[in-house]
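Printed here is final-v9.cif (mmCIF, C-alpha atoms and all ligand atoms):
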data_entry
loop_
_atom_site.group_PDB
_atom_site.id
_atom_site.type_symbol
_atom_site.label_atom_id
_atom_site.label_comp_id
_atom_site.auth_asym_id
_atom_site.auth_seq_id
_atom_site.Cartn_x
_atom_site.Cartn_y
_atom_site.Cartn_z
ATOM 1 C CA MET V 1 -17.585 42.598 48.031
ATOM 2 C CA ASP V 2 -14.479 43.509 50.009
ATOM 3 C CA TYR V 3 -11.017 43.796 48.489
ATOM 4 C CA GLU V 4 -9.722 40.433 49.722
ATOM 5 C CA THR V 5 -12.865 38.636 48.521
ATOM 6 C CA GLN V 6 -12.385 40.161 45.054
ATOM 7 C CA ARG V 7 -8.832 38.837 44.966
ATOM 8 C CA ARG V 8 -9.996 35.392 46.078
ATOM 9 C CA LEU V 9 -12.667 35.365 43.362
ATOM 10 C CA ILE V 10 -10.229 36.233 40.587
ATOM 11 C CA CYS V 11 -7.978 33.346 41.741
ATOM 12 C CA GLU V 12 -10.926 30.940 41.912
ATOM 13 C CA LEU V 13 -12.177 31.817 38.426
ATOM 14 C CA GLY V 14 -8.628 31.556 37.037
ATOM 15 C CA ARG V 15 -8.363 28.068 38.530
ATOM 16 C CA ARG V 16 -11.669 27.064 36.917
ATOM 17 C CA MET V 17 -10.496 28.349 33.506
ATOM 18 C CA TRP V 18 -7.305 26.307 33.754
ATOM 19 C CA GLU V 19 -9.076 23.152 34.989
ATOM 20 C CA ARG V 20 -11.549 23.372 32.118
ATOM 21 C CA GLY V 21 -8.701 23.566 29.606
ATOM 22 C CA TRP V 22 -9.609 27.035 28.384
ATOM 23 C CA VAL V 23 -6.005 28.183 28.849
ATOM 24 C CA ALA V 24 -2.621 26.518 28.439
ATOM 25 C CA SER V 25 0.565 27.549 30.204
ATOM 26 C CA ASN V 26 0.227 31.241 31.178
ATOM 27 C CA ASP V 27 -2.548 32.076 28.689
ATOM 28 C CA GLY V 28 -5.666 34.066 29.450
ATOM 29 C CA ASN V 29 -6.494 36.871 31.823
ATOM 30 C CA LEU V 30 -9.241 38.210 34.069
ATOM 31 C CA SER V 31 -10.026 41.657 35.403
ATOM 32 C CA ARG V 32 -12.599 43.577 37.361
ATOM 33 C CA ARG V 33 -13.460 47.219 37.833
ATOM 34 C CA LEU V 34 -12.675 48.442 41.345
ATOM 35 C CA GLY V 35 -14.134 51.953 40.984
ATOM 36 C CA GLU V 36 -12.412 55.341 41.111
ATOM 37 C CA GLY V 37 -10.661 54.576 37.820
ATOM 38 C CA LEU V 38 -8.865 51.495 39.148
ATOM 39 C CA PHE V 39 -8.897 47.897 37.935
ATOM 40 C CA LEU V 40 -7.703 44.571 39.334
ATOM 41 C CA VAL V 41 -6.034 42.382 36.659
ATOM 42 C CA THR V 42 -4.300 39.035 36.651
ATOM 43 C CA PRO V 43 -0.483 39.121 36.435
ATOM 44 C CA ALA V 44 1.625 38.360 33.384
ATOM 45 C CA GLY V 45 3.587 35.138 33.251
ATOM 46 C CA VAL V 46 1.582 33.103 35.771
ATOM 47 C CA SER V 47 -0.661 30.090 35.086
ATOM 48 C CA LYS V 48 -4.281 30.944 35.886
ATOM 49 C CA GLY V 49 -4.513 27.595 37.639
ATOM 50 C CA PHE V 50 -2.097 28.637 40.362
ATOM 51 C CA LEU V 51 -2.894 32.256 41.195
ATOM 52 C CA THR V 52 -2.619 33.363 44.803
ATOM 53 C CA THR V 53 -4.368 36.414 46.221
ATOM 54 C CA ASP V 54 -1.193 38.506 46.354
ATOM 55 C CA MET V 55 -0.633 38.192 42.573
ATOM 56 C CA PRO V 56 -3.392 40.291 40.904
ATOM 57 C CA VAL V 57 -2.203 43.814 40.103
ATOM 58 C CA VAL V 58 -4.097 47.097 40.521
ATOM 59 C CA VAL V 59 -3.781 49.428 37.507
ATOM 60 C CA ASP V 60 -5.270 52.790 36.587
ATOM 61 C CA SER V 61 -7.201 53.549 33.407
ATOM 62 C CA GLU V 62 -3.930 54.097 31.511
ATOM 63 C CA GLY V 63 -2.547 50.734 32.585
ATOM 64 C CA ARG V 64 -0.047 52.169 35.069
ATOM 65 C CA VAL V 65 0.636 49.917 38.047
ATOM 66 C CA VAL V 66 -0.860 51.371 41.222
ATOM 67 C CA GLU V 67 -0.378 48.378 43.500
ATOM 68 C CA SER V 68 1.566 45.148 43.094
ATOM 69 C CA SER V 69 3.064 42.799 45.619
ATOM 70 C CA GLY V 70 6.380 41.353 44.590
ATOM 71 C CA ALA V 71 7.516 41.723 41.009
ATOM 72 C CA TYR V 72 4.182 41.025 39.331
ATOM 73 C CA LEU V 73 3.335 42.987 36.197
ATOM 74 C CA PRO V 74 -0.191 43.293 34.775
ATOM 75 C CA SER V 75 -1.229 40.942 31.968
ATOM 76 C CA SER V 76 0.039 41.912 28.510
ATOM 77 C CA GLU V 77 -3.614 41.992 27.434
ATOM 78 C CA THR V 78 -4.472 44.720 29.963
ATOM 79 C CA PRO V 79 -4.888 47.356 27.182
ATOM 80 C CA LEU V 80 -7.707 45.274 25.659
ATOM 81 C CA HIS V 81 -9.461 45.099 29.028
ATOM 82 C CA LEU V 82 -9.074 48.839 29.573
ATOM 83 C CA GLU V 83 -10.455 49.506 26.097
ATOM 84 C CA CYS V 84 -13.559 47.465 27.023
ATOM 85 C CA TYR V 85 -14.034 49.382 30.287
ATOM 86 C CA ARG V 86 -13.630 52.705 28.445
ATOM 87 C CA ARG V 87 -16.266 51.758 25.906
ATOM 88 C CA ARG V 88 -18.717 50.042 28.243
ATOM 89 C CA ARG V 89 -19.511 51.842 31.472
ATOM 90 C CA ASP V 90 -21.861 48.951 32.387
ATOM 91 C CA VAL V 91 -19.054 46.367 32.365
ATOM 92 C CA GLY V 92 -17.595 45.386 35.733
ATOM 93 C CA GLY V 93 -15.594 42.289 34.780
ATOM 94 C CA ILE V 94 -13.834 40.762 31.765
ATOM 95 C CA CYS V 95 -12.679 37.233 30.942
ATOM 96 C CA HIS V 96 -10.231 36.374 28.153
ATOM 97 C CA ALA V 97 -9.316 32.774 27.331
ATOM 98 C CA HIS V 98 -8.517 30.362 24.502
ATOM 99 C CA PRO V 99 -11.206 27.678 24.938
ATOM 100 C CA PRO V 100 -10.593 25.057 22.226
ATOM 101 C CA ALA V 101 -13.957 24.980 20.440
ATOM 102 C CA SER V 102 -14.476 28.759 20.591
ATOM 103 C CA THR V 103 -10.906 29.289 19.412
ATOM 104 C CA ALA V 104 -11.488 26.854 16.534
ATOM 105 C CA PHE V 105 -14.288 29.176 15.346
ATOM 106 C CA ALA V 106 -11.933 32.138 15.853
ATOM 107 C CA CYS V 107 -9.223 30.449 13.754
ATOM 108 C CA ALA V 108 -11.755 29.721 11.029
ATOM 109 C CA ARG V 109 -12.861 33.358 11.429
ATOM 110 C CA LYS V 110 -16.455 32.208 11.659
ATOM 111 C CA ALA V 111 -18.951 34.028 13.857
ATOM 112 C CA LEU V 112 -20.911 31.823 16.234
ATOM 113 C CA ASP V 113 -24.537 31.702 15.175
ATOM 114 C CA ALA V 114 -26.430 31.551 18.451
ATOM 115 C CA SER V 115 -29.769 31.172 16.650
ATOM 116 C CA ILE V 116 -29.255 27.420 16.726
ATOM 117 C CA LEU V 117 -29.533 27.269 20.516
ATOM 118 C CA GLY V 118 -32.063 29.136 22.666
ATOM 119 C CA GLU V 119 -29.932 29.300 25.804
ATOM 120 C CA ALA V 120 -26.995 30.794 23.913
ATOM 121 C CA LEU V 121 -29.216 33.381 22.282
ATOM 122 C CA MET V 122 -30.538 34.511 25.668
ATOM 123 C CA VAL V 123 -27.149 34.579 27.429
ATOM 124 C CA LEU V 124 -24.842 35.701 24.615
ATOM 125 C CA GLY V 125 -26.740 36.903 21.584
ATOM 126 C CA PRO V 126 -24.797 36.763 18.307
ATOM 127 C CA VAL V 127 -21.028 36.291 18.753
ATOM 128 C CA PRO V 128 -19.017 38.056 16.003
ATOM 129 C CA CYS V 129 -15.359 37.460 15.145
ATOM 130 C CA ALA V 130 -13.066 40.501 15.302
ATOM 131 C CA PRO V 131 -10.445 40.971 12.556
ATOM 132 C CA TYR V 132 -6.990 39.575 13.244
ATOM 133 C CA ALA V 133 -4.550 41.686 15.245
ATOM 134 C CA ARG V 134 -1.421 40.628 17.087
ATOM 135 C CA THR V 135 -1.952 39.727 20.729
ATOM 136 C CA GLY V 136 -0.885 42.293 23.312
ATOM 137 C CA THR V 137 -0.794 45.208 20.861
ATOM 138 C CA PRO V 138 -2.940 48.358 20.575
ATOM 139 C CA ALA V 139 -4.093 46.963 17.221
ATOM 140 C CA LEU V 140 -5.998 44.224 19.066
ATOM 141 C CA SER V 141 -7.938 46.827 21.067
ATOM 142 C CA ALA V 142 -8.676 48.707 17.846
ATOM 143 C CA ALA V 143 -9.843 45.540 16.082
ATOM 144 C CA ALA V 144 -12.101 44.215 18.835
ATOM 145 C CA GLY V 145 -13.222 47.472 20.459
ATOM 146 C CA PRO V 146 -16.038 48.442 18.079
ATOM 147 C CA LEU V 147 -17.615 44.967 18.325
ATOM 148 C CA LEU V 148 -17.521 45.071 22.121
ATOM 149 C CA ASP V 149 -19.793 48.131 22.073
ATOM 150 C CA ASP V 150 -22.763 45.932 21.134
ATOM 151 C CA HIS V 151 -21.750 42.403 22.142
ATOM 152 C CA ASP V 152 -20.948 40.690 25.435
ATOM 153 C CA ALA V 153 -18.903 37.953 23.759
ATOM 154 C CA VAL V 154 -16.495 38.386 20.843
ATOM 155 C CA LEU V 155 -14.139 35.948 19.107
ATOM 156 C CA LEU V 156 -10.618 37.214 18.367
ATOM 157 C CA ALA V 157 -9.390 35.935 14.985
ATOM 158 C CA ASN V 158 -6.666 33.271 15.240
ATOM 159 C CA HIS V 159 -6.464 33.835 18.985
ATOM 160 C CA GLY V 160 -9.375 33.186 21.387
ATOM 161 C CA ALA V 161 -12.381 34.903 22.927
ATOM 162 C CA VAL V 162 -13.324 37.696 25.291
ATOM 163 C CA THR V 163 -16.505 37.967 27.372
ATOM 164 C CA LEU V 164 -17.855 40.899 29.375
ATOM 165 C CA GLY V 165 -20.187 41.023 32.368
ATOM 166 C CA LEU V 166 -21.778 43.362 34.847
ATOM 167 C CA ASP V 167 -19.319 41.684 37.208
ATOM 168 C CA LEU V 168 -16.475 39.203 36.792
ATOM 169 C CA GLU V 169 -18.631 36.169 37.617
ATOM 170 C CA GLN V 170 -21.062 37.020 34.825
ATOM 171 C CA ALA V 171 -18.152 37.440 32.392
ATOM 172 C CA TYR V 172 -16.892 34.002 33.451
ATOM 173 C CA TRP V 173 -20.340 32.383 33.040
ATOM 174 C CA ARG V 174 -20.642 33.905 29.581
ATOM 175 C CA MET V 175 -17.314 32.300 28.612
ATOM 176 C CA GLU V 176 -18.673 28.978 29.875
ATOM 177 C CA THR V 177 -21.830 29.359 27.771
ATOM 178 C CA LEU V 178 -19.752 30.463 24.772
ATOM 179 C CA GLU V 179 -17.507 27.406 24.883
ATOM 180 C CA HIS V 180 -20.441 25.050 25.495
ATOM 181 C CA THR V 181 -22.254 26.568 22.511
ATOM 182 C CA ALA V 182 -19.166 26.317 20.295
ATOM 183 C CA GLN V 183 -18.809 22.621 21.156
ATOM 184 C CA ILE V 184 -22.457 21.981 20.268
ATOM 185 C CA CYS V 185 -22.117 23.946 17.018
ATOM 186 C CA LEU V 186 -19.137 21.806 16.012
ATOM 187 C CA GLY V 187 -21.241 18.690 16.660
ATOM 188 C CA VAL V 188 -24.129 20.111 14.652
ATOM 189 C CA ARG V 189 -21.799 20.721 11.718
ATOM 190 C CA LEU V 190 -20.577 17.117 11.912
ATOM 191 C CA LEU V 191 -24.202 16.025 11.624
ATOM 192 C CA GLY V 192 -24.585 18.008 8.438
ATOM 193 C CA GLY V 193 -26.035 21.209 9.877
ATOM 194 C CA GLY V 194 -28.792 22.196 12.261
ATOM 195 C CA VAL V 195 -32.226 23.742 11.988
ATOM 196 C CA PRO V 196 -31.987 27.395 13.054
ATOM 197 C CA LEU V 197 -34.739 28.965 15.110
ATOM 198 C CA THR V 198 -37.063 31.263 13.181
ATOM 199 C CA ASP V 199 -36.787 35.040 13.522
ATOM 200 C CA GLU V 200 -39.968 35.018 15.599
ATOM 201 C CA GLN V 201 -38.640 32.308 17.921
ATOM 202 C CA CYS V 202 -35.365 34.246 18.340
ATOM 203 C CA ALA V 203 -37.273 37.440 19.115
ATOM 204 C CA GLN V 204 -39.317 35.626 21.767
ATOM 205 C CA LEU V 205 -36.140 34.327 23.419
ATOM 206 C CA ARG V 206 -34.507 37.764 23.428
ATOM 207 C CA ARG V 207 -37.566 39.193 25.192
ATOM 208 C CA SER V 208 -37.565 36.473 27.892
HETATM 209 ZN ZN ZN K 301 -5.003 35.461 24.517
#

Take the structure I supplied and represent it as structure tokens, if you would.
Ligand SMILES: [Zn+2]
Amino acid sequence: MDYETQRRLICELGRRMWERGWVASNDGNLSRRLGEGLFLVTPAGVSKGFLTTDMPVVVDSEGRVVESSGAYLPSSETPLHLECYRRRRDVGGICHAHPPASTAFACARKALDASILGEALMVLGPVPCAPYARTGTPALSAAAGPLLDDHDAVLLANHGAVTLGLDLEQAYWRMETLEHTAQICLGVRLLGGGVPLTDEQCAQLRRS
């Protein structure tokens, strides 16, 4: 994928996040690994619904700006993204948003039990909730980092969610599955609780 196409994709996925109501105002951020220790991240202070291809910022592995058109600065959550890339060499893209149902679980500090839904188990696996840490601080990276070693989707207490993918599109799709699953889980709880899949059924799904 060429450089301009990568910029177009990050704008397109930002627009989808905003249209789906996963972010309000200037919330949320997206990034992708460019190779050679560089990363393309969404800018701070811009609605994800109205990104243009000149806005994403190129940073190095320490978060220093390498390339930026205009006065755009990288997202304040860039350190969390860089922590993910440091820990997971397989990750090529990251999505962070505040989707309402997923964030409700995060505010209740309840992990999302994917064993209620086969599709979620296959796409996400268990989704833990990281301890609370203030947004945009190194403490958030420290709180979520260890969980991101073994999970592709993690809730951030009293904040939102982060999903990882081999590329940015996969990270985005995982956020979509996460929010869909959270909405279903809320409905299941309203109905008095669901019937979880058995350990054997879960194991079969993980193998498929
Ligand atoms: Zn956030």

- Message: For ligand ZN 301 (chain K), return the neighbouring residues as number ranges by chain (distance at most 12 Å; all atoms listed in the file).
- Response: V: 22-30, 44, 75-78, 80-81, 95-99, 103, 106, 133-137, 140, 155-162

Output C-alpha atoms for every residue in the selection just made, as a PDB file, in the coordinates of the input.
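The result, written out as again_13.pdb:
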ATOM      1  CA  TRP V  22      -9.609  27.035  28.384  1.00  0.00           C
ATOM      2  CA  VAL V  23      -6.005  28.183  28.849  1.00  0.00           C
ATOM      3  CA  ALA V  24      -2.621  26.518  28.439  1.00  0.00           C
ATOM      4  CA  SER V  25       0.565  27.549  30.204  1.00  0.00           C
ATOM      5  CA  ASN V  26       0.227  31.241  31.178  1.00  0.00           C
ATOM      6  CA  ASP V  27      -2.548  32.076  28.689  1.00  0.00           C
ATOM      7  CA  GLY V  28      -5.666  34.066  29.450  1.00  0.00           C
ATOM      8  CA  ASN V  29      -6.494  36.871  31.823  1.00  0.00           C
ATOM      9  CA  LEU V  30      -9.241  38.210  34.069  1.00  0.00           C
ATOM     10  CA  ALA V  44       1.625  38.360  33.384  1.00  0.00           C
ATOM     11  CA  SER V  75      -1.229  40.942  31.968  1.00  0.00           C
ATOM     12  CA  SER V  76       0.039  41.912  28.510  1.00  0.00           C
ATOM     13  CA  GLU V  77      -3.614  41.992  27.434  1.00  0.00           C
ATOM     14  CA  THR V  78      -4.472  44.720  29.963  1.00  0.00           C
ATOM     15  CA  LEU V  80      -7.707  45.274  25.659  1.00  0.00           C
ATOM     16  CA  HIS V  81      -9.461  45.099  29.028  1.00  0.00           C
ATOM     17  CA  CYS V  95     -12.679  37.233  30.942  1.00  0.00           C
ATOM     18  CA  HIS V  96     -10.231  36.374  28.153  1.00  0.00           C
ATOM     19  CA  ALA V  97      -9.316  32.774  27.331  1.00  0.00           C
ATOM     20  CA  HIS V  98      -8.517  30.362  24.502  1.00  0.00           C
ATOM     21  CA  PRO V  99     -11.206  27.678  24.938  1.00  0.00           C
ATOM     22  CA  THR V 103     -10.906  29.289  19.412  1.00  0.00           C
ATOM     23  CA  ALA V 106     -11.933  32.138  15.853  1.00  0.00           C
ATOM     24  CA  ALA V 133      -4.550  41.686  15.245  1.00  0.00           C
ATOM     25  CA  ARG V 134      -1.421  40.628  17.087  1.00  0.00           C
ATOM     26  CA  THR V 135      -1.952  39.727  20.729  1.00  0.00           C
ATOM     27  CA  GLY V 136      -0.885  42.293  23.312  1.00  0.00           C
ATOM     28  CA  THR V 137      -0.794  45.208  20.861  1.00  0.00           C
ATOM     29  CA  LEU V 140      -5.998  44.224  19.066  1.00  0.00           C
ATOM     30  CA  LEU V 155     -14.139  35.948  19.107  1.00  0.00           C
ATOM     31  CA  LEU V 156     -10.618  37.214  18.367  1.00  0.00           C
ATOM     32  CA  ALA V 157      -9.390  35.935  14.985  1.00  0.00           C
ATOM     33  CA  ASN V 158      -6.666  33.271  15.240  1.00  0.00           C
ATOM     34  CA  HIS V 159      -6.464  33.835  18.985  1.00  0.00           C
ATOM     35  CA  GLY V 160      -9.375  33.186  21.387  1.00  0.00           C
ATOM     36  CA  ALA V 161     -12.381  34.903  22.927  1.00  0.00           C
ATOM     37  CA  VAL V 162     -13.324  37.696  25.291  1.00  0.00           C
TER      38      VAL V 162
END

For the structure shown, which residues end up in the PyMOL selection byres (((chain V and resi 56-68) around 9) and not hetatm)? Put them as an mmCIF file with C-alpha atoms, keeping the file's coordinate frame, please?
data_model
loop_
_atom_site.group_PDB
_atom_site.id
_atom_site.type_symbol
_atom_site.label_atom_id
_atom_site.label_comp_id
_atom_site.auth_asym_id
_atom_site.auth_seq_id
_atom_site.Cartn_x
_atom_site.Cartn_y
_atom_site.Cartn_z
ATOM 1 C CA ARG V 7 -8.832 38.837 44.966
ATOM 2 C CA ILE V 10 -10.229 36.233 40.587
ATOM 3 C CA CYS V 11 -7.978 33.346 41.741
ATOM 4 C CA SER V 31 -10.026 41.657 35.403
ATOM 5 C CA LEU V 34 -12.675 48.442 41.345
ATOM 6 C CA GLU V 36 -12.412 55.341 41.111
ATOM 7 C CA GLY V 37 -10.661 54.576 37.820
ATOM 8 C CA LEU V 38 -8.865 51.495 39.148
ATOM 9 C CA PHE V 39 -8.897 47.897 37.935
ATOM 10 C CA LEU V 40 -7.703 44.571 39.334
ATOM 11 C CA VAL V 41 -6.034 42.382 36.659
ATOM 12 C CA THR V 42 -4.300 39.035 36.651
ATOM 13 C CA PRO V 43 -0.483 39.121 36.435
ATOM 14 C CA LEU V 51 -2.894 32.256 41.195
ATOM 15 C CA THR V 52 -2.619 33.363 44.803
ATOM 16 C CA THR V 53 -4.368 36.414 46.221
ATOM 17 C CA ASP V 54 -1.193 38.506 46.354
ATOM 18 C CA MET V 55 -0.633 38.192 42.573
ATOM 19 C CA SER V 69 3.064 42.799 45.619
ATOM 20 C CA GLY V 70 6.380 41.353 44.590
ATOM 21 C CA ALA V 71 7.516 41.723 41.009
ATOM 22 C CA TYR V 72 4.182 41.025 39.331
ATOM 23 C CA LEU V 73 3.335 42.987 36.197
ATOM 24 C CA PRO V 74 -0.191 43.293 34.775
ATOM 25 C CA SER V 75 -1.229 40.942 31.968
ATOM 26 C CA THR V 78 -4.472 44.720 29.963
ATOM 27 C CA PRO V 79 -4.888 47.356 27.182
ATOM 28 C CA LEU V 82 -9.074 48.839 29.573
ATOM 29 C CA GLU V 83 -10.455 49.506 26.097
ATOM 30 C CA TYR V 85 -14.034 49.382 30.287
ATOM 31 C CA ARG V 86 -13.630 52.705 28.445
#

- Write out as a list in words each polymer residue whose atoms come within 8 Å of Val154 in chain V, counting only C-alpha atoms; drop sequence neighbours fewer than 6 positions from it.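 Using only C-alpha atoms, the neighbours found are Val127, Pro128, Cys129, Ala130, Ala144, Leu147, Leu148, Ala161, Val162 and Thr163 of chain V.
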
What would the file look like if the residues just selected were written as a PDB file, in the frame of the given file with C-alpha atoms?
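See part01.pdb below for the written result:
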ATOM      1  CA  VAL V 127     -21.028  36.291  18.753  1.00  0.00           C
ATOM      2  CA  PRO V 128     -19.017  38.056  16.003  1.00  0.00           C
ATOM      3  CA  CYS V 129     -15.359  37.460  15.145  1.00  0.00           C
ATOM      4  CA  ALA V 130     -13.066  40.501  15.302  1.00  0.00           C
ATOM      5  CA  ALA V 144     -12.101  44.215  18.835  1.00  0.00           C
ATOM      6  CA  LEU V 147     -17.615  44.967  18.325  1.00  0.00           C
ATOM      7  CA  LEU V 148     -17.521  45.071  22.121  1.00  0.00           C
ATOM      8  CA  ALA V 161     -12.381  34.903  22.927  1.00  0.00           C
ATOM      9  CA  VAL V 162     -13.324  37.696  25.291  1.00  0.00           C
ATOM     10  CA  THR V 163     -16.505  37.967  27.372  1.00  0.00           C
TER      11      THR V 163
END

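Proximity of V:Asp149, V:Leu197, V:Glu179, V:Pro131 to Cys84 in chain V, computed with only C-alpha atoms, is greatest for V:Asp149.
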
Kindly list the centre and edge lengths in Å, rounded to one decimal, for the axis-aligned box that covers all listed atoms of range 48-67 of chain V plus 8 Å on each of its six sides, as AutoDock Vina command-line options.
--center_x -3.3 --center_y 40.8 --center_z 38.9 --size_x 23.8 --size_y 42.5 --size_z 30.8

- Computed interatomic separation between CA of Gly14 in chain V and CA of Gly118 in chain V (Å):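 Between CA of Gly14 in chain V and CA of Gly118 in chain V the gap works out to 27.6 Å.
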
- All residues 12 Å or closer to Glu176 in chain V, only C-alpha atoms, same chain fewer than 2 positions away omitted, as a ChimeraX atom specification: /V:13,16-17,20-22,95-102,119-120,123-124,153,161-164,169-174,178-183

Could you write out that same residue set with C-alpha atoms as a PDB file, in the frame of the given file?
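Now in result_19.pdb:
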ATOM      1  CA  LEU V  13     -12.177  31.817  38.426  1.00  0.00           C
ATOM      2  CA  ARG V  16     -11.669  27.064  36.917  1.00  0.00           C
ATOM      3  CA  MET V  17     -10.496  28.349  33.506  1.00  0.00           C
ATOM      4  CA  ARG V  20     -11.549  23.372  32.118  1.00  0.00           C
ATOM      5  CA  GLY V  21      -8.701  23.566  29.606  1.00  0.00           C
ATOM      6  CA  TRP V  22      -9.609  27.035  28.384  1.00  0.00           C
ATOM      7  CA  CYS V  95     -12.679  37.233  30.942  1.00  0.00           C
ATOM      8  CA  HIS V  96     -10.231  36.374  28.153  1.00  0.00           C
ATOM      9  CA  ALA V  97      -9.316  32.774  27.331  1.00  0.00           C
ATOM     10  CA  HIS V  98      -8.517  30.362  24.502  1.00  0.00           C
ATOM     11  CA  PRO V  99     -11.206  27.678  24.938  1.00  0.00           C
ATOM     12  CA  PRO V 100     -10.593  25.057  22.226  1.00  0.00           C
ATOM     13  CA  ALA V 101     -13.957  24.980  20.440  1.00  0.00           C
ATOM     14  CA  SER V 102     -14.476  28.759  20.591  1.00  0.00           C
ATOM     15  CA  GLU V 119     -29.932  29.300  25.804  1.00  0.00           C
ATOM     16  CA  ALA V 120     -26.995  30.794  23.913  1.00  0.00           C
ATOM     17  CA  VAL V 123     -27.149  34.579  27.429  1.00  0.00           C
ATOM     18  CA  LEU V 124     -24.842  35.701  24.615  1.00  0.00           C
ATOM     19  CA  ALA V 153     -18.903  37.953  23.759  1.00  0.00           C
ATOM     20  CA  ALA V 161     -12.381  34.903  22.927  1.00  0.00           C
ATOM     21  CA  VAL V 162     -13.324  37.696  25.291  1.00  0.00           C
ATOM     22  CA  THR V 163     -16.505  37.967  27.372  1.00  0.00           C
ATOM     23  CA  LEU V 164     -17.855  40.899  29.375  1.00  0.00           C
ATOM     24  CA  GLU V 169     -18.631  36.169  37.617  1.00  0.00           C
ATOM     25  CA  GLN V 170     -21.062  37.020  34.825  1.00  0.00           C
ATOM     26  CA  ALA V 171     -18.152  37.440  32.392  1.00  0.00           C
ATOM     27  CA  TYR V 172     -16.892  34.002  33.451  1.00  0.00           C
ATOM     28  CA  TRP V 173     -20.340  32.383  33.040  1.00  0.00           C
ATOM     29  CA  ARG V 174     -20.642  33.905  29.581  1.00  0.00           C
ATOM     30  CA  LEU V 178     -19.752  30.463  24.772  1.00  0.00           C
ATOM     31  CA  GLU V 179     -17.507  27.406  24.883  1.00  0.00           C
ATOM     32  CA  HIS V 180     -20.441  25.050  25.495  1.00  0.00           C
ATOM     33  CA  THR V 181     -22.254  26.568  22.511  1.00  0.00           C
ATOM     34  CA  ALA V 182     -19.166  26.317  20.295  1.00  0.00           C
ATOM     35  CA  GLN V 183     -18.809  22.621  21.156  1.00  0.00           C
TER      36      GLN V 183
END

- Task: Would you list the contacts of Pro196 in chain V as number ranges by chain, taking every protein, DNA or RNA residue within 12 Å and counting only C-alpha atoms, but skipping same-chain residues closer than 6 positions in sequence?
- Result: V: 113-118, 121, 185, 188, 202

- Message: Please expand the PyMOL selection byres (((chain V and resi 92) around 9) and not hetatm) into the concrete residues it hits in this file, giving the result as a list of chain:residue names.
- Response: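 So the PyMOL selection byres (((chain V and resi 92) around 9) and not hetatm) ends up selecting V:Ser31, V:Arg32, V:Arg33, V:Leu34, V:Tyr85, V:Arg88, V:Arg89, V:Asp90, V:Val91, V:Gly93, V:Ile94, V:Leu164, V:Gly165, V:Leu166, V:Asp167, V:Leu168, V:Ala171.
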
What would the file look like if the residues just selected were written as a PDB file, in the coordinates of the input with C-alpha atoms?
ATOM      1  CA  SER V  31     -10.026  41.657  35.403  1.00  0.00           C
ATOM      2  CA  ARG V  32     -12.599  43.577  37.361  1.00  0.00           C
ATOM      3  CA  ARG V  33     -13.460  47.219  37.833  1.00  0.00           C
ATOM      4  CA  LEU V  34     -12.675  48.442  41.345  1.00  0.00           C
ATOM      5  CA  TYR V  85     -14.034  49.382  30.287  1.00  0.00           C
ATOM      6  CA  ARG V  88     -18.717  50.042  28.243  1.00  0.00           C
ATOM      7  CA  ARG V  89     -19.511  51.842  31.472  1.00  0.00           C
ATOM      8  CA  ASP V  90     -21.861  48.951  32.387  1.00  0.00           C
ATOM      9  CA  VAL V  91     -19.054  46.367  32.365  1.00  0.00           C
ATOM     10  CA  GLY V  93     -15.594  42.289  34.780  1.00  0.00           C
ATOM     11  CA  ILE V  94     -13.834  40.762  31.765  1.00  0.00           C
ATOM     12  CA  LEU V 164     -17.855  40.899  29.375  1.00  0.00           C
ATOM     13  CA  GLY V 165     -20.187  41.023  32.368  1.00  0.00           C
ATOM     14  CA  LEU V 166     -21.778  43.362  34.847  1.00  0.00           C
ATOM     15  CA  ASP V 167     -19.319  41.684  37.208  1.00  0.00           C
ATOM     16  CA  LEU V 168     -16.475  39.203  36.792  1.00  0.00           C
ATOM     17  CA  ALA V 171     -18.152  37.440  32.392  1.00  0.00           C
TER      18      ALA V 171
END

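Between CA of Ile184 in chain V and CA of Pro146 in chain V lies a distance of 27.3 Å.
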
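Take CA of Leu186 in chain V and CA of Ala104 in chain V: the distance between them is 9.2 Å.
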
What does range 42-59 of chain V look like written to a file with C-alpha atoms, as a PDB file, in the first residue's frame?
ATOM      1  CA  THR V  42      -3.910  10.862  13.617  1.00  0.00           C
ATOM      2  CA  PRO V  43      -3.436  14.485  14.745  1.00  0.00           C
ATOM      3  CA  ALA V  44      -4.456  15.966  18.077  1.00  0.00           C
ATOM      4  CA  GLY V  45      -7.416  18.304  18.231  1.00  0.00           C
ATOM      5  CA  VAL V  46      -9.212  17.218  15.052  1.00  0.00           C
ATOM      6  CA  SER V  47     -12.528  15.346  14.766  1.00  0.00           C
ATOM      7  CA  LYS V  48     -11.962  11.903  13.251  1.00  0.00           C
ATOM      8  CA  GLY V  49     -14.976  12.553  11.052  1.00  0.00           C
ATOM      9  CA  PHE V  50     -13.231  15.324   9.152  1.00  0.00           C
ATOM     10  CA  LEU V  51      -9.636  14.205   8.655  1.00  0.00           C
ATOM     11  CA  THR V  52      -7.918  15.093   5.403  1.00  0.00           C
ATOM     12  CA  THR V  53      -4.887  13.267   4.040  1.00  0.00           C
ATOM     13  CA  ASP V  54      -2.462  16.051   4.955  1.00  0.00           C
ATOM     14  CA  MET V  55      -3.339  15.814   8.681  1.00  0.00           C
ATOM     15  CA  PRO V  56      -1.868  12.480   9.916  1.00  0.00           C
ATOM     16  CA  VAL V  57       1.582  12.935  11.451  1.00  0.00           C
ATOM     17  CA  VAL V  58       4.657  10.717  11.048  1.00  0.00           C
ATOM     18  CA  VAL V  59       6.473  10.023  14.339  1.00  0.00           C
TER      19      VAL V  59
END
